[in-house]
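Q: Okay, handing you the structure first.
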Amino acid sequence: MSIQLALIDDDALFRQGMCAVLLGLDADIQIKEFSEVPTPTAVLSAPDAFSQDLVLLDYHIPNSRFSHNLIAVRACFDLAKIVVVSADDNPHHIIKAIDDGAAGFIPKSSSPKILLAALRLILLGQTYLPAQVMSLAPHGSAVLRQCFLGLSQAQKRVLLGVVAGKSNKVIAIEHGLALGTIKSHLSVAYKVLGLNNRTEAVMALSVLALDQNSS
């Protein structure tokens with residue numbers, strides 16, 4: 001397996017350590033390091049430019065806001081899965097990251113074993129959330145399952161795309177639908193399931209252990 005990865009963190013020592021840990025993925029991995037969020041022009045004009053599969057982004061980068069950074073990273077690597085890796089494991093910040101479209105949130109306090117397991121899960125098309133957030137998952141799985149089965153096939157596919165950590169744009173491209181249609185499907189699905197956002201959707205469907213073959 002070949003993986004192209006961008007690592008964005010202002011801490012040079014952390015980047016060095018992370019690069020060493022990432023070798024444990026047992027893959028042909030290319031890593032491009034950034035001390036700050038790059039611009040699309042800088043990425044495209046770089047002599048060693050390549051299209052990333054994964055972007056590891058620190059939640060707190062000096063003199064910037066996370067929501068702005070996420071938008072900027074998406075502009076540079078629009079099809080990549082963005083994973084937040086941060087020393088800040090505040091549940092509210094974790095939820096915000098997922099709501100804003102991140103494919104996972106890995107606390108920097110995680111052991112190398114957990115970090116690699118989380119990245120493998122994300123590469124397999126799932127979303128990773130740390131235990132302190134998963135413990136907040138909604139209960140009543142039997143009711144949730146029945147509600148999920150009551151959704152249209154299109155709504156299920158779009159919702160499962162969200163759980164896989166895909167952005168609305170990527171889901172729209174994969175299914176040949178307009179971005180507005182994706183948002184409409186999600187709005188209806190959230191209402192039917194009694195959910196408020198992407199994070200609750202990820203937690204609810206993780207509890208149900210639903211996969212791409214759910215009917």
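Each chain of the structure tokens is named A, B, ... in the order shown, its residues numbered from 1; ligands are numbered from 1 in display order.
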Among segment 87-192 of chain A, which residues does DSSP mark as strand (DSSP E or B) when it is run on the backbone? Keep the chain and numbering as in the structure and answer as a count of residues only.
A: 5
Q: Please provide the set of residues having any atom within 6 Å of Leu7 of chain A, restricted to only C-alpha atoms, with same-chain residues fewer than 4 positions apart removed, written as number ranges by chain.
A: A: 33, 55-56
Q: With only C-alpha atoms as the counted atoms, please give the residues lying no more than 7 Å from segment 150-158 of chain A, apart from itself and same-chain residues fewer than 3 positions off, as a list of chain:residue names.
A: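 Residues near the query, excluding close chain neighbours: A:Gln146, A:Cys147, A:Gly161, A:Val162, A:Ile171, A:Ile182, A:His185, A:Leu186, A:Ala189.
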Q: Those selected residues, please, written with N, CA and C atoms and delivered as a short mmCIF file (atom, residue, chain, number, x, y, z; two decimals), in the first residue's frame.
A:
```cif
data_model
loop_
_atom_site.label_atom_id
_atom_site.label_comp_id
_atom_site.auth_asym_id
_atom_site.auth_seq_id
_atom_site.Cartn_x
_atom_site.Cartn_y
_atom_site.Cartn_z
N GLN A 146 -33.86 0.93 13.58
CA GLN A 146 -35.12 0.96 12.84
C GLN A 146 -35.26 2.26 12.06
N CYS A 147 -34.85 3.35 12.67
CA CYS A 147 -34.91 4.64 11.98
C CYS A 147 -33.97 4.66 10.78
N GLY A 161 -21.26 7.73 4.03
CA GLY A 161 -20.10 8.48 3.56
C GLY A 161 -19.56 9.40 4.64
N VAL A 162 -20.48 10.01 5.38
CA VAL A 162 -20.10 10.87 6.51
C VAL A 162 -19.36 10.07 7.56
N ILE A 171 -18.34 13.03 -1.25
CA ILE A 171 -19.55 12.20 -1.35
C ILE A 171 -20.32 12.58 -2.61
N ILE A 182 -26.68 16.52 -1.46
CA ILE A 182 -26.02 15.84 -0.33
C ILE A 182 -26.46 16.47 0.98
N HIS A 185 -30.05 15.44 1.77
CA HIS A 185 -30.13 14.06 2.26
C HIS A 185 -29.69 13.98 3.73
N LEU A 186 -28.61 14.68 4.06
CA LEU A 186 -28.11 14.66 5.43
C LEU A 186 -29.09 15.32 6.39
N ALA A 189 -31.84 12.85 7.00
CA ALA A 189 -31.35 11.71 7.78
C ALA A 189 -31.15 12.09 9.25
#
```
Q: Segment 87-199 of chain A: which residues are helix (DSSP H, G or I) by DSSP, as a ChimeraX atom specification?
A: /A:91-99,112-123,131-134,141-149,153-163,168-175,179-193,198-199
Q: Would you save the residues from that selection as a PDB file, in the first residue's frame, using C-alpha atoms?
A:
```pdb
ATOM      1  CA  PRO A  91     -14.545  16.928  23.867  1.00  0.00           C
ATOM      2  CA  HIS A  92     -16.054  20.153  22.518  1.00  0.00           C
ATOM      3  CA  HIS A  93     -13.051  20.676  20.245  1.00  0.00           C
ATOM      4  CA  ILE A  94     -13.150  17.050  19.120  1.00  0.00           C
ATOM      5  CA  ILE A  95     -16.824  17.369  18.239  1.00  0.00           C
ATOM      6  CA  LYS A  96     -16.163  20.626  16.373  1.00  0.00           C
ATOM      7  CA  ALA A  97     -13.382  19.012  14.344  1.00  0.00           C
ATOM      8  CA  ILE A  98     -15.646  16.175  13.192  1.00  0.00           C
ATOM      9  CA  ASP A  99     -18.556  18.542  12.547  1.00  0.00           C
ATOM     10  CA  PRO A 112       2.059   4.878  19.134  1.00  0.00           C
ATOM     11  CA  LYS A 113       0.048   1.638  19.037  1.00  0.00           C
ATOM     12  CA  ILE A 114      -3.277   3.476  19.366  1.00  0.00           C
ATOM     13  CA  LEU A 115      -2.227   6.163  16.897  1.00  0.00           C
ATOM     14  CA  LEU A 116      -1.322   3.612  14.241  1.00  0.00           C
ATOM     15  CA  ALA A 117      -4.513   1.631  14.882  1.00  0.00           C
ATOM     16  CA  ALA A 118      -6.542   4.829  14.489  1.00  0.00           C
ATOM     17  CA  LEU A 119      -4.850   5.704  11.196  1.00  0.00           C
ATOM     18  CA  ARG A 120      -5.358   2.166   9.868  1.00  0.00           C
ATOM     19  CA  LEU A 121      -9.057   2.452  10.742  1.00  0.00           C
ATOM     20  CA  ILE A 122      -9.312   5.772   8.900  1.00  0.00           C
ATOM     21  CA  LEU A 123      -7.478   4.376   5.859  1.00  0.00           C
ATOM     22  CA  ALA A 131     -12.841   7.064  24.018  1.00  0.00           C
ATOM     23  CA  GLN A 132     -13.822  10.215  25.893  1.00  0.00           C
ATOM     24  CA  VAL A 133     -16.136  11.180  23.034  1.00  0.00           C
ATOM     25  CA  MET A 134     -17.413   7.702  22.173  1.00  0.00           C
ATOM     26  CA  SER A 141     -29.591   1.424  19.395  1.00  0.00           C
ATOM     27  CA  ALA A 142     -32.689  -0.639  18.551  1.00  0.00           C
ATOM     28  CA  VAL A 143     -34.674   2.515  17.828  1.00  0.00           C
ATOM     29  CA  LEU A 144     -31.770   4.049  15.900  1.00  0.00           C
ATOM     30  CA  ARG A 145     -31.442   0.921  13.765  1.00  0.00           C
ATOM     31  CA  GLN A 146     -35.117   0.961  12.842  1.00  0.00           C
ATOM     32  CA  CYS A 147     -34.913   4.645  11.980  1.00  0.00           C
ATOM     33  CA  PHE A 148     -31.811   4.028   9.860  1.00  0.00           C
ATOM     34  CA  LEU A 149     -33.491   1.209   7.956  1.00  0.00           C
ATOM     35  CA  GLN A 153     -31.010   4.137  -0.109  1.00  0.00           C
ATOM     36  CA  ALA A 154     -29.604   7.503  -1.206  1.00  0.00           C
ATOM     37  CA  GLN A 155     -29.858   8.882   2.330  1.00  0.00           C
ATOM     38  CA  LYS A 156     -28.132   5.778   3.732  1.00  0.00           C
ATOM     39  CA  ARG A 157     -25.276   6.019   1.230  1.00  0.00           C
ATOM     40  CA  VAL A 158     -24.702   9.686   2.000  1.00  0.00           C
ATOM     41  CA  LEU A 159     -24.849   9.095   5.758  1.00  0.00           C
ATOM     42  CA  LEU A 160     -22.392   6.194   5.524  1.00  0.00           C
ATOM     43  CA  GLY A 161     -20.096   8.484   3.560  1.00  0.00           C
ATOM     44  CA  VAL A 162     -20.105  10.873   6.505  1.00  0.00           C
ATOM     45  CA  VAL A 163     -19.263   8.027   8.886  1.00  0.00           C
ATOM     46  CA  ASN A 168     -19.707  16.497   1.404  1.00  0.00           C
ATOM     47  CA  LYS A 169     -17.777  17.352  -1.769  1.00  0.00           C
ATOM     48  CA  VAL A 170     -16.192  13.900  -1.994  1.00  0.00           C
ATOM     49  CA  ILE A 171     -19.551  12.204  -1.354  1.00  0.00           C
ATOM     50  CA  ALA A 172     -21.147  14.329  -4.081  1.00  0.00           C
ATOM     51  CA  ILE A 173     -18.432  13.393  -6.582  1.00  0.00           C
ATOM     52  CA  GLU A 174     -18.641   9.679  -5.756  1.00  0.00           C
ATOM     53  CA  HIS A 175     -22.400   9.533  -6.247  1.00  0.00           C
ATOM     54  CA  LEU A 179     -23.636  19.389  -3.208  1.00  0.00           C
ATOM     55  CA  GLY A 180     -27.070  20.776  -2.329  1.00  0.00           C
ATOM     56  CA  THR A 181     -28.586  17.311  -2.730  1.00  0.00           C
ATOM     57  CA  ILE A 182     -26.018  15.842  -0.332  1.00  0.00           C
ATOM     58  CA  LYS A 183     -26.848  18.487   2.266  1.00  0.00           C
ATOM     59  CA  SER A 184     -30.571  17.824   1.788  1.00  0.00           C
ATOM     60  CA  HIS A 185     -30.132  14.061   2.264  1.00  0.00           C
ATOM     61  CA  LEU A 186     -28.112  14.655   5.434  1.00  0.00           C
ATOM     62  CA  SER A 187     -30.647  17.107   6.807  1.00  0.00           C
ATOM     63  CA  VAL A 188     -33.458  14.577   6.392  1.00  0.00           C
ATOM     64  CA  ALA A 189     -31.347  11.710   7.782  1.00  0.00           C
ATOM     65  CA  TYR A 190     -30.361  13.712  10.859  1.00  0.00           C
ATOM     66  CA  LYS A 191     -33.995  14.622  11.490  1.00  0.00           C
ATOM     67  CA  VAL A 192     -35.220  11.026  11.131  1.00  0.00           C
ATOM     68  CA  LEU A 193     -32.494   9.704  13.438  1.00  0.00           C
ATOM     69  CA  ARG A 198     -21.892  14.838  11.854  1.00  0.00           C
ATOM     70  CA  THR A 199     -20.333  13.867  15.165  1.00  0.00           C
TER      71      THR A 199
END
```
Q: Go through A:Ala80, A:Ile61, A:Val43, A:Ile31 one by one, measure the shortest atom-to-atom distance of each to Asp10 of chain A using only C-alpha atoms, and give the residue with the smallest value.
A: A:Ile61
